Amino acid sequence: MLGGDMSGMAFQEIREARGLAYHAGAHLDLGDRVGDDAALLGSLGTQCDKAGGALELMLDLLRRTELAPDRVAAARLGLLREYASERITPRSRPGWVQSWLDLGHPGDPRLGAAQTIRTVELAALQAYLAEFAASAPIVSILGDRRRVDLDRLRALGEVQIVTPAALFPYAR
């Protein structure tokens, strides 16, 4: 739905409709192992002067729980087509199998996932999204703070300035 490609809602709303970013995408990350927390992630590539507007719109999109039935149908079809055409190459099979085992699947989980994609109801998807919409976001911005409208960012939430030395203490 939100999508990491050009058909996703994040790209369509932030880049195509408003021209606020070079790149905009979002996806649900379920973690790598059993028990990992899931996270709803968004990413933006934008100019410093457009960061506040792009971020505000991205946060709005990530908090929405209402889904348009036509977008759900298109996303459903796209995922099913991806599953049907995705080929696991012989050299990558051990990595795939290990990732399935790490997630607690004794075999390829894509068959079950495809069945869920075919049958999941719109109301169930919206309820699932509501779990994430209520969470407080964590936002990281990398850029020249002299060119970013910090007041606009502060209107969206608490801003903490972190120096490169604090992020990369080993680089000294």
# chains A, B, ... in the order shown; residues from 1 in each chain; ligands from 1
$ residues_around --residues "region 95-104 of chain A" --least-positions-apart "6" --cutoff "12 Å" --atoms "only C-alpha atoms" --output "PDB file with C-alpha atoms, in the first residue's frame"
ATOM      1  CA  LEU A  30       8.464  -7.574  10.536  1.00  0.00           C
ATOM      2  CA  GLY A  31      11.948  -8.148  11.923  1.00  0.00           C
ATOM      3  CA  ASP A  32      14.463 -10.894  11.223  1.00  0.00           C
ATOM      4  CA  ARG A  33      13.773 -13.333  14.051  1.00  0.00           C
ATOM      5  CA  VAL A  34      10.909 -14.718  16.092  1.00  0.00           C
ATOM      6  CA  GLY A  35       9.986 -12.167  18.742  1.00  0.00           C
ATOM      7  CA  ASP A  36      11.387  -9.139  16.921  1.00  0.00           C
ATOM      8  CA  ASP A  37       9.225  -6.057  17.042  1.00  0.00           C
ATOM      9  CA  ARG A  87      12.559 -16.697  -8.254  1.00  0.00           C
ATOM     10  CA  ILE A  88      14.959 -17.784  -5.572  1.00  0.00           C
ATOM     11  CA  THR A  89      18.270 -18.435  -7.274  1.00  0.00           C
ATOM     12  CA  ARG A 110       5.249 -17.276   0.839  1.00  0.00           C
TER      13      ARG A 110
END
$ residues_around --residues "Gly19 (chain A)" --least-positions-apart "6" --cutoff "10 Å" --atoms "only C-alpha atoms" --output "ChimeraX atom specification"
/A:11-13,46,50,54
$ closest_atom_pairs --of "region 43-88 of chain A" --to "region 120-131 of chain A" --cutoff "7 Å" --atoms "only C-alpha atoms" --output "Markdown table"
| residue | atom | partner | partner_atom | distance |
| --- | --- | --- | --- | --- |
| A:Thr65 | CA | A:Gln126 | CA | 5.2 |
| A:Glu66 | CA | A:Gln126 | CA | 6.2 |
| A:Leu67 | CA | A:Gln126 | CA | 6.7 |
$ residues_around --residues "Leu28 (chain A)" --least-positions-apart "4" --cutoff "7 Å" --atoms "only C-alpha atoms" --output "list of chain:residue names"
A:Ala39, A:Leu40, A:Leu41
$ write_last_selection --atoms "N, CA and C atoms" --output "PDB file, in the first residue's frame"
ATOM      1  N   ALA A  39       8.021  -2.825  12.705  1.00  0.00           N
ATOM      2  CA  ALA A  39       8.124  -1.365  12.615  1.00  0.00           C
ATOM      3  C   ALA A  39       7.566  -0.903  11.276  1.00  0.00           C
ATOM      4  N   LEU A  40       6.831   0.167  11.328  1.00  0.00           N
ATOM      5  CA  LEU A  40       6.347   0.818  10.122  1.00  0.00           C
ATOM      6  C   LEU A  40       7.373   1.890   9.790  1.00  0.00           C
ATOM      7  N   LEU A  41       8.065   1.744   8.666  1.00  0.00           N
ATOM      8  CA  LEU A  41       9.193   2.600   8.313  1.00  0.00           C
ATOM      9  C   LEU A  41       8.887   3.451   7.088  1.00  0.00           C
TER      10      LEU A  41
END
$ select_by_dssp --residues "region 92-153 of chain A" --states "helix (DSSP H, G or I)" --output "number ranges by chain"
A: 92-102, 110-119, 122-133, 150-153
$ residues_around --residues "Met58 (chain A)" --least-positions-apart "6" --cutoff "9 Å" --atoms "only C-alpha atoms" --output "list in words"
Ala10, Glu13, Ile14, Ala24, Gly25, Ala26, Gly42, Ser43 and Leu44 of chain A
$ write_last_selection --atoms "all heavy atoms" --output "compact mmCIF listing (two decimals), in the first residue's frame"
# COMPACT_ATOMS: atom_id res chain seq x y z
N ALA A 10 3.11 6.58 -0.61
CA ALA A 10 4.10 7.56 -0.15
C ALA A 10 4.72 8.28 -1.35
O ALA A 10 4.80 9.52 -1.37
CB ALA A 10 5.18 6.89 0.69
N GLU A 13 1.95 10.48 -3.24
CA GLU A 13 1.50 11.68 -2.51
C GLU A 13 2.61 12.69 -2.29
O GLU A 13 2.41 13.90 -2.42
CB GLU A 13 0.89 11.28 -1.16
CG GLU A 13 -0.40 10.51 -1.27
CD GLU A 13 -1.55 11.35 -1.76
OE1 GLU A 13 -1.60 12.55 -1.43
OE2 GLU A 13 -2.41 10.80 -2.48
N ILE A 14 3.80 12.21 -1.92
CA ILE A 14 4.88 13.12 -1.53
C ILE A 14 5.67 13.62 -2.73
O ILE A 14 5.97 14.81 -2.83
CB ILE A 14 5.81 12.46 -0.49
CG1 ILE A 14 5.00 12.16 0.79
CG2 ILE A 14 7.00 13.34 -0.17
CD1 ILE A 14 5.73 11.29 1.80
N ALA A 24 10.51 8.85 -1.91
CA ALA A 24 9.60 8.67 -0.78
C ALA A 24 9.11 7.24 -0.81
O ALA A 24 8.64 6.75 -1.83
CB ALA A 24 8.43 9.64 -0.85
N GLY A 25 9.24 6.56 0.30
CA GLY A 25 8.78 5.18 0.38
C GLY A 25 8.46 4.81 1.81
O GLY A 25 8.86 5.50 2.76
N ALA A 26 7.74 3.74 1.97
CA ALA A 26 7.40 3.24 3.30
C ALA A 26 7.09 1.76 3.20
O ALA A 26 6.65 1.27 2.16
CB ALA A 26 6.20 4.00 3.86
N GLY A 42 9.34 4.68 7.14
CA GLY A 42 9.25 5.56 5.99
C GLY A 42 10.61 6.16 5.71
O GLY A 42 11.43 6.29 6.62
N SER A 43 10.87 6.48 4.46
CA SER A 43 12.14 7.14 4.14
C SER A 43 11.88 8.22 3.09
O SER A 43 11.01 8.08 2.23
CB SER A 43 13.17 6.13 3.62
OG SER A 43 12.76 5.59 2.39
N LEU A 44 12.66 9.29 3.21
CA LEU A 44 12.54 10.44 2.32
C LEU A 44 13.93 10.86 1.85
O LEU A 44 14.88 10.82 2.63
CB LEU A 44 11.92 11.63 3.04
CG LEU A 44 10.47 11.52 3.47
CD1 LEU A 44 10.13 12.65 4.43
CD2 LEU A 44 9.57 11.57 2.26
